[in-house]
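Raw contents of final04.txt, compact mmCIF, C-alpha atoms:
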```
# COMPACT_ATOMS: atom_id res chain seq x y z
CA MET A 746 -81.33 45.19 93.69
CA THR A 747 -79.45 43.36 90.92
CA LYS A 748 -81.24 40.10 91.79
CA ILE A 749 -84.33 41.61 90.20
CA ALA A 750 -82.60 41.14 86.83
CA ARG A 751 -82.51 37.38 87.43
CA GLN A 752 -86.10 37.32 88.64
CA ALA A 753 -87.19 39.11 85.48
CA LYS A 754 -85.18 36.71 83.34
CA ASN A 755 -86.83 33.70 84.99
CA ALA A 756 -90.29 35.24 84.57
CA LEU A 757 -89.90 36.11 80.89
CA GLU A 758 -87.51 33.51 79.44
CA ILE A 759 -90.07 31.01 78.13
CA ILE A 760 -92.09 33.76 76.43
CA HIS A 761 -89.19 34.11 74.02
CA SER A 762 -87.64 30.64 74.04
CA MET A 763 -90.89 28.80 73.30
CA ILE A 764 -90.12 29.56 69.63
CA TYR A 765 -87.26 27.02 69.66
CA PHE A 766 -89.63 24.16 70.50
CA ALA A 767 -92.76 25.28 68.65
CA PRO A 768 -93.83 22.99 65.78
CA GLU A 769 -95.11 26.13 64.02
CA ALA A 770 -91.51 27.36 63.74
CA ALA A 771 -90.15 24.02 62.57
CA ASP A 772 -92.86 23.77 59.91
CA GLY A 773 -92.49 27.40 58.86
CA PHE A 774 -88.76 27.13 58.33
CA ALA A 775 -89.14 23.80 56.54
CA ALA A 776 -91.63 25.45 54.18
CA LEU A 777 -88.83 27.83 53.18
CA GLY A 778 -86.63 24.85 52.36
CA LEU A 779 -84.46 24.98 55.48
CA GLU A 780 -83.47 21.71 57.09
CA ARG A 781 -85.26 20.94 60.33
CA GLY A 782 -83.16 21.06 63.48
CA ARG A 783 -79.85 22.86 63.63
CA MET A 784 -80.08 24.76 60.34
CA SER A 785 -83.49 26.16 61.21
CA TYR A 786 -82.32 27.11 64.70
CA TYR A 787 -79.17 28.85 63.51
CA ALA A 788 -80.94 30.68 60.70
CA GLY A 789 -83.94 31.65 62.81
CA ARG A 790 -81.91 33.17 65.61
CA ALA A 791 -79.16 34.66 63.46
CA ALA A 792 -81.31 36.14 60.68
CA ALA A 793 -81.52 39.50 62.46
CA MET A 794 -77.77 39.89 61.80
CA GLY A 795 -78.26 39.50 58.05
CA PRO A 796 -76.50 36.93 55.83
CA VAL A 797 -73.51 36.52 58.15
CA GLY A 798 -70.99 33.71 58.01
CA PRO A 799 -70.46 30.98 60.60
CA GLY A 800 -67.97 32.99 62.67
CA PRO A 801 -70.37 35.62 64.05
CA VAL A 802 -73.05 32.99 64.64
CA ALA A 803 -70.74 30.70 66.64
CA ALA A 804 -69.34 33.69 68.53
CA THR A 805 -72.70 35.12 69.56
CA PHE A 806 -74.37 31.75 70.28
CA TYR A 807 -71.22 30.70 72.22
CA ASN A 808 -71.93 27.16 73.40
CA PHE A 809 -72.72 25.56 70.04
CA ASN A 810 -70.05 23.57 68.23
CA PRO A 811 -68.58 25.90 65.56
CA GLU A 812 -68.28 22.91 63.22
CA SER A 813 -72.03 22.40 63.49
CA VAL A 814 -72.67 26.07 62.74
CA ALA A 815 -70.41 25.95 59.69
CA ALA A 816 -72.37 22.98 58.33
CA SER A 817 -75.50 25.16 58.09
CA ILE A 818 -74.32 28.77 57.82
CA PRO A 819 -74.01 30.44 55.33
CA ARG A 820 -75.64 27.65 53.29
CA ALA A 821 -78.99 28.53 54.86
CA TRP A 822 -78.93 31.97 53.19
CA SER A 823 -78.73 30.36 49.76
CA ILE A 824 -82.01 28.62 50.57
CA ALA A 825 -83.91 31.44 52.28
CA SER A 826 -83.02 35.09 52.77
CA PRO A 827 -82.71 36.45 56.31
CA SER A 828 -85.79 38.62 55.73
CA ALA A 829 -87.84 35.59 54.69
CA VAL A 830 -86.62 33.70 57.75
CA LEU A 831 -87.55 36.61 60.04
CA ASP A 832 -91.03 36.79 58.52
CA ALA A 833 -91.51 33.05 59.02
CA ARG A 834 -90.29 33.30 62.61
CA LEU A 835 -92.75 36.06 63.46
CA ARG A 836 -95.63 34.14 61.86
CA ALA A 837 -94.62 31.08 63.88
CA ALA A 838 -94.48 33.10 67.11
CA ASP A 839 -97.96 34.45 66.39
CA ALA A 840 -99.43 31.00 65.70
CA ALA A 841 -97.66 29.33 68.65
CA LEU A 842 -98.68 31.99 71.16
CA ARG A 843 -102.29 31.91 69.97
CA ARG A 844 -102.35 28.12 70.29
CA MET A 845 -100.84 28.02 73.77
CA LEU A 846 -102.32 31.17 75.32
CA GLY A 847 -105.75 31.08 73.75
CA ASP A 848 -106.86 34.63 74.49
CA VAL A 849 -103.94 36.81 73.35
CA SER A 850 -105.97 39.96 74.03
CA SER A 851 -105.99 39.54 77.81
CA ALA A 852 -105.19 42.42 80.13
CA ALA A 853 -102.16 40.56 81.51
CA ILE A 854 -100.63 40.22 78.05
CA ALA A 855 -101.36 43.82 77.13
CA GLU A 856 -99.84 45.15 80.35
CA ALA A 857 -96.84 42.83 80.13
CA ALA A 858 -96.25 43.90 76.52
CA GLU A 859 -96.32 47.59 77.43
CA LEU A 860 -94.00 47.15 80.40
CA ALA A 861 -91.57 44.83 78.58
CA ARG A 862 -91.34 47.23 75.66
CA GLU A 863 -90.64 50.12 78.03
CA ALA A 864 -87.95 48.06 79.77
CA SER A 865 -86.30 47.10 76.49
CA GLN A 866 -85.97 50.76 75.59
CA GLY A 867 -83.52 51.07 78.46
CA CYS A 868 -81.10 48.68 76.75
CA THR A 869 -78.14 50.01 74.78
CA PRO A 870 -76.25 48.17 72.03
CA GLU A 871 -72.63 48.67 73.14
CA GLY A 872 -70.96 45.27 73.39
CA LYS A 873 -74.29 43.50 72.80
CA PRO A 874 -74.16 42.29 69.16
CA LEU A 875 -77.04 39.81 69.16
CA TYR A 876 -79.28 42.17 71.09
CA ALA A 877 -78.34 45.05 68.77
CA ALA A 878 -79.27 43.04 65.68
CA HIS A 879 -82.73 42.27 67.04
CA ALA A 880 -83.19 45.82 68.30
CA ASP A 881 -82.89 47.03 64.70
CA LEU A 882 -86.00 45.06 63.70
CA ASP A 883 -89.40 46.72 63.44
CA TRP A 884 -91.82 46.28 66.33
CA PRO A 885 -94.85 44.05 65.66
CA ASP A 886 -98.28 45.63 65.93
CA GLU A 887 -100.15 43.19 68.17
CA PRO A 888 -99.55 43.13 71.96
CA HIS A 889 -98.73 39.41 72.21
CA LEU A 890 -96.09 39.79 69.49
CA GLN A 891 -94.77 42.97 71.07
CA LEU A 892 -94.36 40.98 74.29
CA TRP A 893 -92.54 38.21 72.42
CA HIS A 894 -90.26 40.71 70.66
CA ALA A 895 -89.52 42.59 73.89
CA ALA A 896 -88.77 39.29 75.66
CA THR A 897 -86.41 38.48 72.79
CA LEU A 898 -84.58 41.78 73.19
CA LEU A 899 -84.28 41.38 76.95
CA ARG A 900 -83.14 37.80 76.60
CA GLU A 901 -80.44 38.56 74.02
CA PHE A 902 -79.31 41.63 75.99
CA ARG A 903 -78.74 39.46 79.05
CA GLY A 904 -77.27 36.68 76.92
CA ASP A 905 -74.62 38.97 75.46
CA ALA A 906 -73.71 40.06 79.00
CA HIS A 907 -73.59 36.44 80.13
CA ILE A 908 -71.02 35.63 77.45
CA ALA A 909 -68.83 38.44 78.75
CA ALA A 910 -69.09 36.98 82.26
CA LEU A 911 -68.23 33.49 80.98
CA GLN A 912 -65.18 34.90 79.22
CA ARG A 913 -64.03 36.60 82.40
CA ALA A 914 -64.40 33.26 84.18
CA GLU A 915 -62.26 31.66 81.44
CA LEU A 916 -64.96 29.18 80.46
CA SER A 917 -65.22 28.16 76.83
CA GLY A 918 -68.61 27.56 75.28
CA VAL A 919 -68.51 23.80 75.74
CA GLN A 920 -67.09 24.11 79.26
CA ALA A 921 -69.92 26.47 80.23
CA LEU A 922 -72.45 24.03 78.79
CA VAL A 923 -70.96 21.05 80.66
CA LEU A 924 -70.84 23.01 83.92
CA HIS A 925 -74.45 24.16 83.61
CA SER A 926 -75.76 20.72 82.71
CA SER A 927 -73.92 19.23 85.71
CA THR A 928 -76.21 21.22 88.04
CA GLY A 929 -79.34 19.34 86.98
CA GLU A 930 -81.07 22.70 86.42
CA GLY A 931 -80.66 22.99 82.65
CA PHE A 932 -80.57 20.53 79.78
CA LYS A 933 -79.68 16.96 80.66
CA PRO A 934 -75.99 16.39 79.76
CA SER A 935 -76.95 13.99 76.95
CA ALA A 936 -79.49 16.47 75.55
CA ALA A 937 -77.09 19.40 75.87
CA ARG A 938 -74.35 17.55 74.01
CA GLU A 939 -76.66 16.41 71.23
CA LEU A 940 -78.51 19.71 70.82
CA ARG A 941 -75.27 21.72 70.69
CA GLU A 942 -73.67 18.96 68.58
CA TRP A 943 -70.49 18.31 70.53
CA SER A 944 -68.85 14.93 70.06
CA GLU A 945 -68.45 12.55 72.97
CA SER A 946 -64.69 13.14 72.95
CA GLN A 947 -65.10 16.93 72.95
CA TRP A 948 -67.55 16.69 75.83
CA ALA A 949 -65.25 14.38 77.78
CA GLN A 950 -62.33 16.74 77.21
CA ALA A 951 -64.34 19.66 78.58
CA GLU A 952 -65.32 17.57 81.60
CA GLN A 953 -61.68 16.74 82.25
CA GLU A 954 -60.69 20.41 82.02
CA LEU A 955 -63.39 21.36 84.51
CA ARG A 956 -62.37 18.49 86.77
CA GLU A 957 -58.79 19.75 86.76
CA ARG A 958 -60.06 23.15 87.91
CA GLY A 959 -62.04 21.50 90.70
CA LEU A 960 -65.36 22.66 89.24
CA ILE A 961 -66.93 19.21 88.82
CA SER A 962 -66.39 15.83 90.44
CA GLY A 963 -66.98 12.30 89.25
CA GLU A 964 -66.85 11.04 85.69
CA GLY A 965 -69.33 10.48 82.87
CA LYS A 966 -72.90 10.07 84.11
CA THR A 967 -71.70 10.47 87.71
CA SER A 968 -70.28 13.95 87.06
CA GLU A 969 -71.66 16.57 89.42
CA ILE A 970 -70.89 20.20 89.99
CA SER A 971 -68.60 20.81 92.96
CA GLU A 972 -68.87 23.44 95.68
CA ALA A 973 -66.29 25.50 93.81
CA GLY A 974 -68.27 25.05 90.61
CA ASN A 975 -71.46 26.29 92.26
CA ALA A 976 -69.59 29.27 93.65
CA LEU A 977 -68.21 30.15 90.23
CA ARG A 978 -71.62 29.81 88.60
CA GLU A 979 -73.11 32.15 91.19
CA GLU A 980 -70.31 34.67 90.53
CA ILE A 981 -71.07 34.46 86.81
CA GLU A 982 -74.80 34.91 87.32
CA ALA A 983 -74.27 37.81 89.73
CA GLU A 984 -71.97 39.52 87.23
CA THR A 985 -74.53 38.89 84.49
CA ASP A 986 -77.23 40.41 86.71
CA ALA A 987 -75.10 43.51 87.26
CA MET A 988 -74.45 43.94 83.54
CA SER A 989 -78.14 43.40 82.73
CA MET A 990 -79.66 46.05 84.99
CA ALA A 991 -80.14 48.83 82.42
CA PRO A 992 -83.72 47.87 81.40
CA TRP A 993 -84.83 47.40 85.00
CA ARG A 994 -83.36 50.69 86.17
CA ALA A 995 -85.14 52.37 83.28
CA LEU A 996 -88.44 50.67 84.12
CA GLY A 997 -88.23 51.25 87.86
CA GLU A 998 -88.80 48.85 90.73
CA ALA A 999 -92.62 49.03 90.89
CA LYS A 1000 -93.15 48.51 87.17
CA THR A 1001 -90.51 45.77 87.09
CA GLU A 1002 -92.33 43.91 89.87
CA ALA A 1003 -95.58 44.27 87.91
CA LEU A 1004 -93.91 42.91 84.77
CA ILE A 1005 -92.47 39.98 86.72
CA ASP A 1006 -95.92 39.15 88.10
CA ASN A 1007 -97.58 39.34 84.67
CA GLY A 1008 -94.68 37.52 83.04
CA ARG A 1009 -94.99 34.66 85.49
CA GLN A 1010 -98.70 34.40 84.77
CA VAL A 1011 -98.12 34.22 81.01
CA SER A 1012 -95.18 31.84 81.43
CA ARG A 1013 -97.17 29.43 83.60
CA THR A 1014 -99.83 29.22 80.90
CA LEU A 1015 -97.20 28.55 78.25
CA LEU A 1016 -95.49 25.87 80.31
CA LYS A 1017 -98.79 24.13 81.03
CA ALA A 1018 -99.40 24.11 77.27
CA GLY A 1019 -96.07 22.33 76.68
CA ALA A 1020 -93.92 25.30 75.60
CA ALA A 1021 -90.78 23.47 76.78
CA PRO A 1022 -90.36 19.68 76.45
CA ARG A 1023 -89.71 18.48 80.00
CA ASP A 1024 -87.81 15.36 78.98
CA LEU A 1025 -84.83 17.51 77.89
CA PHE A 1026 -84.20 18.97 81.35
CA GLY A 1027 -82.81 17.66 84.61
CA ARG A 1028 -80.40 14.75 85.02
CA ASP A 1029 -79.75 11.76 82.76
```

Structure encoded using C-alpha cells:
Amino acid sequence: MTKIARQAKNALEIIHSMIYFAPEAADGFAALGLERGRMSYYAGRAAAMGPVGPGPVAATFYNFNPESVAASIPRAWSIASPSAVLDARLRAADAALRRMLGDVSSAAIAEAAELAREASQGCTPEGKPLYAAHADLDWPDEPHLQLWHAATLLREFRGDAHIAALQRAELSGVQALVLHSSTGEGFKPSAARELREWSESQWAQAEQELRERGLISGEGKTSEISEAGNALREEIEAETDAMSMAPWRALGEAKTEALIDNGRQVSRTLLKAGAAPRDLFGRD
C-alpha cells in the first residue's frame, strides 16, 4: 500500500517543480531585483517561511551548499519581501501553466485539483517545517493554481519526510546528492554539483566517503552506485513512502488512483512542453 505514495509523487512532481525551470519565474523574480539563479531559487522556495536566515533554508533544503545559501539569504529579503516573492511566484506559476497546458479549464485539471487539495488536507505539520510554511499560505482561486499549490504541499510534505529518512541513513546533504546522481536517474553529477554549488573538492570528498561505505564504486566520471548503495536508496525511499502516507490514507485508494491517472495526464503535457530541461538529467 505504501508504494502508492511513490506513484503519486512520480505523477505529481513536475506539476510543482516546473516552477524552478520556468522562464516566467526567472523573469518575475528578476523584476523584483533578485539575482537570477540561486538567489531567486532560494528566495522563491523559502519565502513561505518569512524572512528567515540562511540556517533554516540550508536545513530544510538539505542538499544545497550552506555557503551558497548564505551568499543569498538573508540578502534577498533586503531586495524583495517574502510576500512580494510569493506573489511573483504565484503569477509565474499561473503564466507558465497557461503556456504549457493551454486549456487550464479542462476536466482533468479540475478533478486533479479537487483530489489533490483533498489529499493535502490529510497532511499534518508535525516535523514538517517546509510543508507547514506552505500550508499556512492562502489557497489560490483557480483550479490550475489550486492543483499547483496542492502539488507543492504534497511535495514538501514528502520532502520533509525524506530528509528524516536520509538522516536515519546517516547521509549528509552532499552525500545524498552524490548517491542519487550516481544512479543516472536524477541530475547528471556535473549538473547536480553546479546547481547545488558544491566545489569539486567537496564533491570528491563526499564520493570518497560513500566509497568507504561501499555505496558507490569507481572514481570521478566512472563512479556508479553499488548494490549496497541501491539497497540503501530503496530503504530510504520505502521509509519515505511510509512517512508520507497520511494524504493518501485520507484520500482513499480509489480517489488516489484517480488523482494519479489525472496527474500523469497533466504531467505528460507539461513534459512535452519542456517543463524540465532534459539535458540536466541522466549520466555525464

Go through A:Tyr787, A:Phe902, A:Trp893, A:Phe809 and flag the residue nearest Pro870 of chain A, using only C-alpha atoms for the distances.
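For Pro870 of chain A, the nearest of the given residues is A:Phe902.
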
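Across the model, the gap from atom CA of Gln953 of chain A to atom CA of Glu984 of chain A is 25.5 Å.
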
Neighbouring residues of segment 894-897 of chain A were defined as those with any atom within 9 Å, considering only C-alpha atoms; residues of the same chain fewer than 2 positions away were excluded. Please report them as a JSON list (two decimals) with C-alpha atoms, in the frame of the given file.
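This went into out.json:
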```
[["chain", "number", "residue", "atom", "x", "y", "z"],
["A", 754, "LYS", "CA", -85.18, 36.71, 83.34],
["A", 757, "LEU", "CA", -89.90, 36.11, 80.89],
["A", 758, "GLU", "CA", -87.51, 33.51, 79.44],
["A", 759, "ILE", "CA", -90.07, 31.01, 78.13],
["A", 760, "ILE", "CA", -92.09, 33.76, 76.43],
["A", 761, "HIS", "CA", -89.19, 34.11, 74.02],
["A", 762, "SER", "CA", -87.64, 30.64, 74.04],
["A", 835, "LEU", "CA", -92.75, 36.06, 63.46],
["A", 858, "ALA", "CA", -96.25, 43.90, 76.52],
["A", 861, "ALA", "CA", -91.57, 44.83, 78.58],
["A", 862, "ARG", "CA", -91.34, 47.23, 75.66],
["A", 863, "GLU", "CA", -90.64, 50.12, 78.03],
["A", 864, "ALA", "CA", -87.95, 48.06, 79.77],
["A", 865, "SER", "CA", -86.30, 47.10, 76.49],
["A", 876, "TYR", "CA", -79.28, 42.17, 71.09],
["A", 879, "HIS", "CA", -82.73, 42.27, 67.04],
["A", 884, "TRP", "CA", -91.82, 46.28, 66.33],
["A", 885, "PRO", "CA", -94.85, 44.05, 65.66],
["A", 889, "HIS", "CA", -98.73, 39.41, 72.21],
["A", 890, "LEU", "CA", -96.09, 39.79, 69.49],
["A", 891, "GLN", "CA", -94.77, 42.97, 71.07],
["A", 892, "LEU", "CA", -94.36, 40.98, 74.29],
["A", 899, "LEU", "CA", -84.28, 41.38, 76.95],
["A", 900, "ARG", "CA", -83.14, 37.80, 76.60],
["A", 901, "GLU", "CA", -80.44, 38.56, 74.02],
["A", 902, "PHE", "CA", -79.31, 41.63, 75.99]]
```

Could you work out how far atom CA of Pro1022 of chain A lies from atom CA of Gln950 of chain A, giving the answer in Å with one decimal?
28.2 Å

Excluding Leu1025 of chain A and its own-chain neighbours fewer than 6 positions away, which residues fall within 6 Å of it when counting only C-alpha atoms? Please give them as a PyMOL selection string.
chain A and resi 932-933+936

Take the residues just selected and output them with C-alpha atoms as a PDB file, in the frame of the given file.
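To be explicit, this is the file written out as selection09.pdb:
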```
ATOM      1  CA  PHE A 932     -80.570  20.530  79.780  1.00  0.00           C
ATOM      2  CA  LYS A 933     -79.680  16.960  80.660  1.00  0.00           C
ATOM      3  CA  ALA A 936     -79.490  16.470  75.550  1.00  0.00           C
TER       4      ALA A 936
END
```

Smallest atom-to-atom distance to Leu940 of chain A: which of A:Val919, A:Ala838, A:Ala833, A:Trp822, using only C-alpha atoms?
A:Val919

Could you pull the residues within 10 Å of Ala995 of chain A, counting all atoms listed in the file, minus those fewer than 4 positions along the same chain, as a PyMOL selection string?
chain A and resi 863-868+990-991+1000-1001

Looking at A:Ala837, A:Ala949, A:Ala1021, A:Leu898, which one is nearest to Ser935 of chain A, with distances taken over only C-alpha atoms?
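The shortest atom-to-atom distance to Ser935 of chain A comes from A:Ala949.
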
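Straight-line separation from atom CA of Ala753 of chain A to atom CA of Ile1005 of chain A: 5.5 Å.
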
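Among the candidate residues A:Leu777, A:Leu1004, A:Ala804, A:Leu955, the one lying nearest to Leu860 of chain A is A:Leu1004, with distances computed using only C-alpha atoms.
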
So, counting only C-alpha atoms, which residue among A:Ala877, A:Asp986, A:Gly1019, A:Glu856 is closest to Ile764 of chain A?
A:Gly1019

Give me, as a PyMOL selection string, all polymer residues having an atom no more than 12 Å from Ser813 of chain A, counting all atoms listed in the file and skipping those fewer than 6 positions away in the same chain.
chain A and resi 782-784+786-787+799-800+802-803+806+819+938-944

Taking 6 positions as the minimum chain separation for residues in the same chain, which residues sit within 9 Å of Ala791 of chain A when counting only C-alpha atoms? Answer as a list in words.
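In the requested form, the answer reads Val797, Pro801, Val802, Thr805, Phe806, Pro827, Leu875 and Ala878 of chain A.
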
With C-alpha atoms kept, could you save the residues just selected as an mmCIF file, in the coordinates of the input?
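Writing the result to part-v3.cif gives the following:
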```
data_model
loop_
_atom_site.group_PDB
_atom_site.id
_atom_site.type_symbol
_atom_site.label_atom_id
_atom_site.label_comp_id
_atom_site.auth_asym_id
_atom_site.auth_seq_id
_atom_site.Cartn_x
_atom_site.Cartn_y
_atom_site.Cartn_z
ATOM 1 C CA VAL A 797 -73.510 36.520 58.150
ATOM 2 C CA PRO A 801 -70.370 35.620 64.050
ATOM 3 C CA VAL A 802 -73.050 32.990 64.640
ATOM 4 C CA THR A 805 -72.700 35.120 69.560
ATOM 5 C CA PHE A 806 -74.370 31.750 70.280
ATOM 6 C CA PRO A 827 -82.710 36.450 56.310
ATOM 7 C CA LEU A 875 -77.040 39.810 69.160
ATOM 8 C CA ALA A 878 -79.270 43.040 65.680
#
```

Would you compute the box with edges along x, y and z of the file around segment 856-865 of chain A, including every atom the file lists for it and 8 Å extra on each side, and give its centre and edge lengths in Å to one decimal, as AutoDock Vina command-line options?
```
--center_x -93.1 --center_y 46.5 --center_z 78.0 --size_x 29.5 --size_y 23.3 --size_z 20.7
```

Pick out the closest residue to Ala999 of chain A from this set: A:Leu779, A:Ala788, A:Ile749, A:Val1011. Count all atoms listed in the file.
A:Ile749
